[in-house]
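Structure file query06.tsv (TSV, C-alpha atoms) is printed below.
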chain	number	residue	atom	x	y	z
K	1	MET	CA	0.00	0.00	0.00
K	2	SER	CA	1.15	3.52	-0.75
K	3	PRO	CA	2.25	5.69	2.15
K	4	SER	CA	-0.21	8.18	3.63
K	5	PRO	CA	-0.35	11.56	1.89
K	6	ALA	CA	2.45	13.76	3.19
K	7	PRO	CA	1.76	17.29	4.46
K	8	PHE	CA	2.92	20.03	2.10
K	9	GLY	CA	1.65	23.00	4.08
K	10	LEU	CA	-1.16	23.74	1.62
K	11	LYS	CA	-4.17	25.83	2.62
K	12	LYS	CA	-7.41	26.58	0.80
K	13	LYS	CA	-6.44	30.24	0.46
K	14	HIS	CA	-3.35	29.31	-1.56
K	15	SER	CA	-3.41	29.60	-5.33
K	16	LEU	CA	-2.41	27.04	-7.92
K	17	ALA	CA	0.50	29.37	-8.75
K	18	PHE	CA	1.81	28.66	-5.26
K	19	ALA	CA	0.76	25.02	-4.89
K	20	LEU	CA	1.78	23.48	-8.21
K	21	PRO	CA	5.46	24.51	-8.31
K	22	LEU	CA	5.72	23.55	-4.63
K	23	LEU	CA	4.31	20.06	-5.20
K	24	VAL	CA	6.40	19.43	-8.32
K	25	ARG	CA	9.53	20.56	-6.49
K	26	VAL	CA	8.86	18.28	-3.50
K	27	LEU	CA	8.14	15.30	-5.75
K	28	LEU	CA	11.31	15.83	-7.78
K	29	ARG	CA	13.25	16.17	-4.51
K	30	GLN	CA	11.85	12.78	-3.51
K	31	ALA	CA	12.94	11.36	-6.87
K	32	ASP	CA	16.43	12.79	-6.32
K	33	ARG	CA	16.69	10.99	-2.97
K	34	GLN	CA	15.65	7.70	-4.54
K	35	ARG	CA	18.04	8.29	-7.41
K	36	HIS	CA	20.90	8.51	-4.92
K	37	ALA	CA	19.66	5.30	-3.26
K	38	ILE	CA	19.65	3.50	-6.63
K	39	LEU	CA	23.16	4.66	-7.46
K	40	THR	CA	24.55	3.62	-4.07
K	41	GLY	CA	22.42	0.63	-3.05
K	42	ASP	CA	20.45	-2.33	-4.37
K	43	ASP	CA	16.93	-2.02	-2.92
K	44	PRO	CA	14.17	-2.53	-5.53
K	45	GLU	CA	11.89	-0.34	-3.40
K	46	ALA	CA	14.09	2.67	-4.18
K	47	LEU	CA	13.42	2.19	-7.90
K	48	HIS	CA	9.69	1.82	-7.24
K	49	GLN	CA	9.53	5.03	-5.19
K	50	TYR	CA	11.63	6.85	-7.79
K	51	ARG	CA	9.11	5.94	-10.48
K	52	VAL	CA	6.14	6.87	-8.25
K	53	ALA	CA	7.57	10.34	-7.56
K	54	LEU	CA	8.14	10.95	-11.27
K	55	ARG	CA	4.63	9.72	-12.14
K	56	LYS	CA	3.02	12.03	-9.61
K	57	ALA	CA	4.99	15.02	-10.90
K	58	ARG	CA	4.07	14.17	-14.51
K	59	SER	CA	0.43	13.77	-13.53
K	60	LEU	CA	0.33	17.27	-12.05
K	61	LEU	CA	2.08	18.76	-15.05
K	62	ARG	CA	-0.39	17.18	-17.46
K	63	LEU	CA	-3.57	17.81	-15.49
K	64	PHE	CA	-2.71	21.47	-14.91
K	65	ARG	CA	-0.95	22.22	-18.19
K	66	ARG	CA	-3.36	25.09	-18.94
K	67	GLN	CA	-2.26	26.85	-15.77
K	68	LEU	CA	1.43	26.02	-16.17
K	69	GLY	CA	1.85	26.75	-19.86
K	70	PRO	CA	3.94	25.06	-22.58
K	71	VAL	CA	6.93	24.47	-20.29
K	72	ALA	CA	4.84	22.00	-18.30
K	73	ALA	CA	4.29	19.76	-21.34
K	74	LEU	CA	8.01	19.79	-22.15
K	75	LEU	CA	8.92	18.95	-18.56
K	76	ALA	CA	6.33	16.15	-18.44
K	77	ARG	CA	7.84	14.59	-21.57
K	78	GLN	CA	11.33	14.88	-20.11
K	79	LEU	CA	10.23	13.13	-16.91
K	80	ALA	CA	8.47	10.43	-18.95
K	81	GLN	CA	11.67	9.74	-20.88
K	82	THR	CA	13.59	9.61	-17.60
K	83	ALA	CA	11.14	7.09	-16.15
K	84	GLN	CA	11.16	4.94	-19.30
K	85	MET	CA	14.85	4.26	-18.79
K	86	SER	CA	13.90	2.09	-15.81
K	87	ASN	CA	11.11	0.06	-17.45
K	88	GLY	CA	13.21	-3.03	-18.18
K	89	LEU	CA	14.75	-3.11	-14.72
K	90	ARG	CA	11.39	-2.67	-13.01
K	91	GLU	CA	9.88	-5.50	-15.08
K	92	ILE	CA	12.59	-7.90	-13.91
K	93	ASP	CA	12.29	-6.69	-10.30
K	94	VAL	CA	8.58	-7.54	-10.23
K	95	LEU	CA	9.21	-10.87	-11.96
K	96	LEU	CA	11.77	-11.83	-9.33
K	97	HIS	CA	9.50	-10.66	-6.52
K	98	ASP	CA	6.69	-12.94	-7.73
K	99	TRP	CA	8.82	-15.84	-8.90
K	100	ALA	CA	8.73	-17.82	-5.64
K	101	GLY	CA	4.92	-17.91	-5.67
K	102	TRP	CA	4.79	-19.14	-9.24
K	103	SER	CA	7.51	-21.72	-8.61
K	104	GLU	CA	5.64	-23.21	-5.65
K	105	ARG	CA	2.70	-24.01	-7.92
K	106	LEU	CA	4.84	-25.89	-10.45
K	107	PRO	CA	5.06	-29.72	-10.52
K	108	ALA	CA	7.78	-31.06	-8.22
K	109	GLU	CA	9.89	-32.26	-11.14
K	110	LEU	CA	10.18	-28.70	-12.45
K	111	GLN	CA	11.18	-27.07	-9.15
K	112	PRO	CA	14.97	-27.42	-9.67
K	113	ALA	CA	14.72	-25.98	-13.19
K	114	ALA	CA	12.70	-23.05	-11.82
K	115	GLY	CA	15.67	-22.22	-9.58
K	116	GLY	CA	17.90	-22.10	-12.66
K	117	VAL	CA	15.51	-19.74	-14.41
K	118	ARG	CA	15.53	-17.49	-11.37
K	119	LEU	CA	19.33	-17.34	-11.40
K	120	ASN	CA	19.23	-16.32	-15.04
K	121	LEU	CA	16.68	-13.59	-14.26
K	122	GLN	CA	18.88	-12.34	-11.42
K	123	ALA	CA	21.86	-12.14	-13.77
K	124	GLN	CA	19.74	-10.17	-16.27
K	125	ARG	CA	18.68	-7.84	-13.45
K	126	ASP	CA	22.30	-7.18	-12.51
K	127	VAL	CA	23.06	-6.16	-16.10
K	128	ALA	CA	19.91	-4.00	-16.29
K	129	LEU	CA	20.75	-2.29	-12.98
K	130	GLN	CA	24.26	-1.38	-14.12
K	131	SER	CA	22.90	-0.04	-17.40
K	132	PHE	CA	20.27	2.05	-15.60
K	133	ARG	CA	22.85	3.42	-13.18
K	134	ARG	CA	24.99	4.58	-16.09
K	135	GLN	CA	21.98	6.38	-17.54
K	136	LEU	CA	21.10	7.95	-14.18
K	137	ALA	CA	24.65	9.19	-13.69
K	138	ILE	CA	24.52	11.41	-16.78
K	139	LEU	CA	21.10	12.96	-16.10
K	140	PRO	CA	20.93	16.60	-14.97
K	141	ALA	CA	21.20	16.79	-11.20
K	142	PRO	CA	19.29	17.54	-9.16
K	143	LEU	CA	15.92	17.01	-10.85
K	144	GLU	CA	14.40	19.38	-8.30
K	145	LEU	CA	15.89	22.33	-10.19
K	146	LEU	CA	13.64	21.56	-13.15
K	147	ALA	CA	10.74	22.97	-11.13
K	148	ASP	CA	12.34	26.41	-11.47
K	149	SER	CA	11.39	26.42	-15.15
K	150	LEU	CA	7.66	26.43	-14.35
K	151	ASP	CA	5.95	29.75	-15.04
K	152	PRO	CA	2.28	29.69	-13.90
K	153	ASN	CA	0.03	31.99	-15.91
K	154	GLU	CA	-2.89	34.14	-14.77
K	155	ARG	CA	-5.19	31.09	-14.72
K	156	ALA	CA	-3.16	29.80	-11.78
K	157	ASP	CA	-3.71	32.92	-9.67
K	158	ARG	CA	-7.10	31.76	-8.41
K	159	PRO	CA	-7.55	30.08	-4.99
K	160	LEU	CA	-7.33	26.29	-5.03
K	161	LYS	CA	-10.99	25.44	-4.42
K	162	LYS	CA	-12.65	26.05	-7.80
K	163	PRO	CA	-9.92	24.86	-10.19
K	164	LEU	CA	-9.33	21.78	-8.06
K	165	ARG	CA	-13.03	20.92	-8.06
K	166	ARG	CA	-13.11	21.22	-11.85
K	167	VAL	CA	-10.08	18.99	-12.37
K	168	PHE	CA	-11.39	16.41	-9.87
K	169	ARG	CA	-14.68	16.23	-11.74
K	170	GLN	CA	-12.98	15.94	-15.13
K	171	GLN	CA	-10.76	13.13	-13.91
K	172	LYS	CA	-13.66	11.27	-12.28
K	173	ARG	CA	-15.55	11.43	-15.59
K	174	ARG	CA	-12.51	10.08	-17.45
K	175	LEU	CA	-12.20	7.18	-15.04
K	176	LYS	CA	-15.92	6.43	-15.19
K	177	ARG	CA	-15.90	6.52	-19.02
K	178	ALA	CA	-12.80	4.32	-19.22
K	179	ARG	CA	-14.31	1.72	-16.88
K	180	ARG	CA	-17.66	1.64	-18.68
K	181	GLN	CA	-15.91	0.79	-21.93
K	182	LEU	CA	-14.25	-2.32	-20.47
K	183	THR	CA	-15.45	-5.77	-21.51
K	184	ALA	CA	-13.97	-9.25	-21.14
K	185	ALA	CA	-12.59	-8.90	-24.68
K	186	SER	CA	-11.12	-5.41	-24.24
K	187	PRO	CA	-7.46	-5.11	-25.26
K	188	ALA	CA	-4.84	-4.56	-22.58
K	189	ALA	CA	-4.54	-0.91	-23.67
K	190	ASP	CA	-8.13	-0.22	-22.54
K	191	PHE	CA	-7.49	-1.63	-19.07
K	192	HIS	CA	-4.26	0.35	-18.93
K	193	ARG	CA	-6.15	3.52	-19.85
K	194	ALA	CA	-8.52	2.96	-16.93
K	195	ARG	CA	-5.56	2.35	-14.66
K	196	ILE	CA	-3.90	5.63	-15.66
K	197	ALA	CA	-7.15	7.57	-15.14
K	198	GLY	CA	-7.53	6.03	-11.69
K	199	LYS	CA	-3.93	6.78	-10.77
K	200	ARG	CA	-4.23	10.42	-11.74
K	201	LEU	CA	-7.39	10.81	-9.69
K	202	ARG	CA	-5.81	9.11	-6.69
K	203	TYR	CA	-2.69	11.25	-6.95
K	204	LEU	CA	-4.87	14.37	-6.91
K	205	LEU	CA	-6.63	13.18	-3.77
K	206	GLU	CA	-3.32	12.38	-2.09
K	207	LEU	CA	-1.42	15.50	-3.08
K	208	PHE	CA	-4.24	17.89	-2.18
K	209	ALA	CA	-5.44	15.97	0.89
K	210	GLU	CA	-4.73	18.96	3.15
K	211	VAL	CA	-7.43	21.05	1.47
K	212	ARG	CA	-10.08	18.32	1.23
K	213	PRO	CA	-12.51	16.80	3.79
K	214	PRO	CA	-10.26	14.24	5.57
K	215	ARG	CA	-12.64	11.32	6.15
K	216	GLN	CA	-14.24	11.50	2.70
K	217	ASN	CA	-10.83	11.84	1.06
K	218	ARG	CA	-9.44	8.77	2.85
K	219	ARG	CA	-12.43	6.66	1.77
K	220	ARG	CA	-12.05	7.70	-1.84
K	221	ILE	CA	-8.31	7.02	-1.82
K	222	GLU	CA	-8.89	3.56	-0.36
K	223	ARG	CA	-11.51	2.66	-2.99
K	224	LEU	CA	-9.18	3.82	-5.73
K	225	ARG	CA	-6.32	1.80	-4.26
K	226	GLN	CA	-8.46	-1.32	-4.37
K	227	LEU	CA	-9.26	-0.67	-8.02
K	228	GLN	CA	-5.61	0.11	-8.76
K	229	ASP	CA	-4.49	-3.13	-7.11
K	230	LEU	CA	-6.68	-5.16	-9.47
K	231	LEU	CA	-5.68	-3.18	-12.55
K	232	GLY	CA	-2.00	-3.34	-11.57
K	233	GLN	CA	-2.13	-7.10	-11.06
K	234	LEU	CA	-3.76	-7.50	-14.47
K	235	GLN	CA	-1.14	-5.37	-16.17
K	236	ASP	CA	1.65	-7.27	-14.42
K	237	ALA	CA	0.20	-10.65	-15.41
K	238	GLU	CA	-0.13	-9.69	-19.07
K	239	SER	CA	3.19	-7.85	-19.19
K	240	HIS	CA	5.03	-10.72	-17.51
K	241	GLY	CA	3.49	-13.16	-19.97
K	242	HIS	CA	4.86	-11.18	-22.91
K	243	HIS	CA	8.23	-10.82	-21.18
K	244	LEU	CA	8.50	-14.56	-20.52
K	245	ALA	CA	7.55	-15.28	-24.14
K	246	GLY	CA	10.52	-13.17	-25.21
K	247	LEU	CA	12.79	-14.92	-22.72
K	248	ALA	CA	11.65	-18.34	-23.94
K	249	ALA	CA	12.84	-17.44	-27.45
K	250	GLN	CA	16.42	-17.07	-26.21
K	251	PRO	CA	18.62	-20.12	-26.91
K	252	VAL	CA	19.91	-20.38	-23.33
K	253	TRP	CA	17.38	-22.70	-21.70
K	254	THR	CA	17.36	-26.42	-21.04
K	255	GLN	CA	14.28	-28.43	-21.97
K	256	ARG	CA	13.12	-28.39	-18.34
K	257	GLN	CA	13.64	-24.63	-18.08
K	258	GLN	CA	11.59	-24.13	-21.24
K	259	ALA	CA	8.86	-26.19	-19.57
K	260	VAL	CA	9.05	-23.90	-16.53
K	261	LEU	CA	8.63	-20.78	-18.65
K	262	THR	CA	5.65	-22.33	-20.44
K	263	ALA	CA	4.01	-23.41	-17.18
K	264	VAL	CA	4.45	-19.99	-15.57
K	265	ARG	CA	3.05	-18.27	-18.66
K	266	GLU	CA	-0.01	-20.53	-18.40
K	267	GLN	CA	-0.41	-19.48	-14.76
K	268	LEU	CA	-0.22	-15.85	-15.81
K	269	LEU	CA	-2.81	-16.34	-18.58
K	270	GLN	CA	-5.21	-17.93	-16.11
K	271	GLN	CA	-4.58	-15.17	-13.58
K	272	ALA	CA	-5.21	-12.49	-16.20
K	273	CYS	CA	-8.56	-14.06	-17.15
K	274	GLN	CA	-9.63	-14.19	-13.50
K	275	LEU	CA	-8.57	-10.59	-12.93
K	276	ARG	CA	-10.53	-9.40	-15.97
K	277	GLU	CA	-13.64	-11.09	-14.58
K	278	GLY	CA	-12.98	-9.57	-11.17
K	279	LEU	CA	-12.56	-6.10	-12.62
K	280	LEU	CA	-15.79	-6.31	-14.58
K	281	GLY	CA	-17.54	-7.38	-11.37
K	282	HIS	CA	-15.89	-4.45	-9.61
K	283	ASN	CA	-17.30	-2.18	-12.33
K	284	ASP	CA	-20.81	-3.46	-11.59
K	285	GLN	CA	-20.46	-2.02	-8.09
K	286	GLY	CA	-19.98	1.44	-9.62
K	287	PRO	CA	-16.96	3.72	-9.80
K	288	ALA	CA	-15.26	5.20	-6.79
K	289	LYS	CA	-17.32	8.17	-5.66

What does the file become when written as structure tokens?
Amino acid sequence: MSPSPAPFGLKKKHSLAFALPLLVRVLLRQADRQRHAILTGDDPEALHQYRVALRKARSLLRLFRRQLGPVAALLARQLAQTAQMSNGLREIDVLLHDWAGWSERLPAELQPAAGGVRLNLQAQRDVALQSFRRQLAILPAPLELLADSLDPNERADRPLKKPLRRVFRQQKRRLKRARRQLTAASPAADFHRARIAGKRLRYLLELFAEVRPPRQNRRRIERLRQLQDLLGQLQDAESHGHHLAGLAAQPVWTQRQQAVLTAVREQLLQQACQLREGLLGHNDQGPAK
């Protein structure tokens, strides 16, 4: 579960011109701390938190681009490119995290081969980590300074209440529309679109928690987290299946290891089908209010 929303010192009387650069700066400062942890340590959680901080900053920049002007779009793209550098490493991290559970469900005769596959994945992770560290080392530092380029326009001079309410409503409509379009046969991109809409709404609730009704805000965040958990598990299952298919094509596996990869992919396919059914049932209960 994500940590509780941190206090930023926001008040209802503040304007977006004050709040948005502050939030982006704090988020990029968080990313800088995790960047240092990645460069000096080997904790997968540091990479996860680095990506979360960048996603939250990008979400703000995109949702409030009218108030922040053209620089916001350029900065959002720059942060997206920065985050994309870590996609391969993050994929392997999640695979390794879940590997023990998948291995336990394999037939006993495949258990030793599953250990060999895991060792291969760990070796690939080591290579991916070193590559990502080299990319991180040449990025502008610190990222926090990028917030200085933001130049809020006159639209951002209004108090938080009205523009926030409008953006909340827009994002709720986007999430509701994305969920209504989902069917059992929907492509992965449609489920991903719903996941992104839900994330952006949840980030808004978390980042502006100080200026919202506390109890109502916590309930909404929790409902969105439950939805995000299901959508995230679905994306992981389908993404891992594609990743393992690519791994299986490499001429490095024994016959037993190939059987392991096939069996795990079958597990993932079954899991994805169950998650799709669960998400459609979740939709029947109505969107998070």

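If you measure from each of K:Gln274, K:Gln250, K:Ser15, K:Gln124 to Lys162 in chain K using only C-alpha atoms, the closest one turns out to be K:Ser15.
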
Å distance separating CA of Trp102 in chain K from CA of Ile38 in chain K, one decimal place: 27.2 Å

Using only C-alpha atoms, determine which residues lie at most 12 Å from Ala141 in chain K, disregarding the query and same-chain residues fewer than 3 positions distant; provide the list as a PyMOL selection string. chain K and resi 28-29+31-33+35-36+136-138+144-146

Out of K:Pro163, K:Gly281, K:Pro7, K:Pro140, which residue has the shortest atom-to-atom distance to Thr183 in chain K when counting only C-alpha atoms? K:Gly281

With distances taken over only C-alpha atoms, which residue among K:Leu27, K:Leu204, K:Ala128, K:Leu234 lies nearest Leu89 in chain K? K:Ala128

Which residues of range 177-214 of chain K sit at most 10 Å from range 45-64 of chain K, using all atoms listed in the file? Give each one's shortest atom pair and distance in Å (one decimal place), in chain and ascending residue order, as a Markdown table.
| residue | atom | partner | partner_atom | distance |
| --- | --- | --- | --- | --- |
| K:Ile196 | CA | K:Ser59 | CA | 9.5 |
| K:Ala197 | CA | K:Ser59 | CA | 9.9 |
| K:Lys199 | CA | K:Ser59 | CA | 8.7 |
| K:Arg200 | CA | K:Ser59 | CA | 6.0 |
| K:Leu201 | CA | K:Ser59 | CA | 9.2 |
| K:Arg202 | CA | K:Lys56 | CA | 9.7 |
| K:Tyr203 | CA | K:Lys56 | CA | 6.3 |
| K:Leu204 | CA | K:Leu60 | CA | 7.9 |
| K:Glu206 | CA | K:Lys56 | CA | 9.8 |
| K:Leu207 | CA | K:Lys56 | CA | 8.6 |

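Here CA of Glu210 in chain K is placed at a distance of 8.4 Å from CA of Lys12 in chain K.
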
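Taking CA of Ala237 in chain K as the reference point, CA of Ala272 in chain K is found at 5.8 Å.
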
Could you give me, as number ranges by chain, the residues within 12 Å of Gly9 in chain K, counting all atoms listed in the file and dropping anything in the same chain fewer than 5 positions from it? K: 14, 18-19, 22-23, 26, 207-211
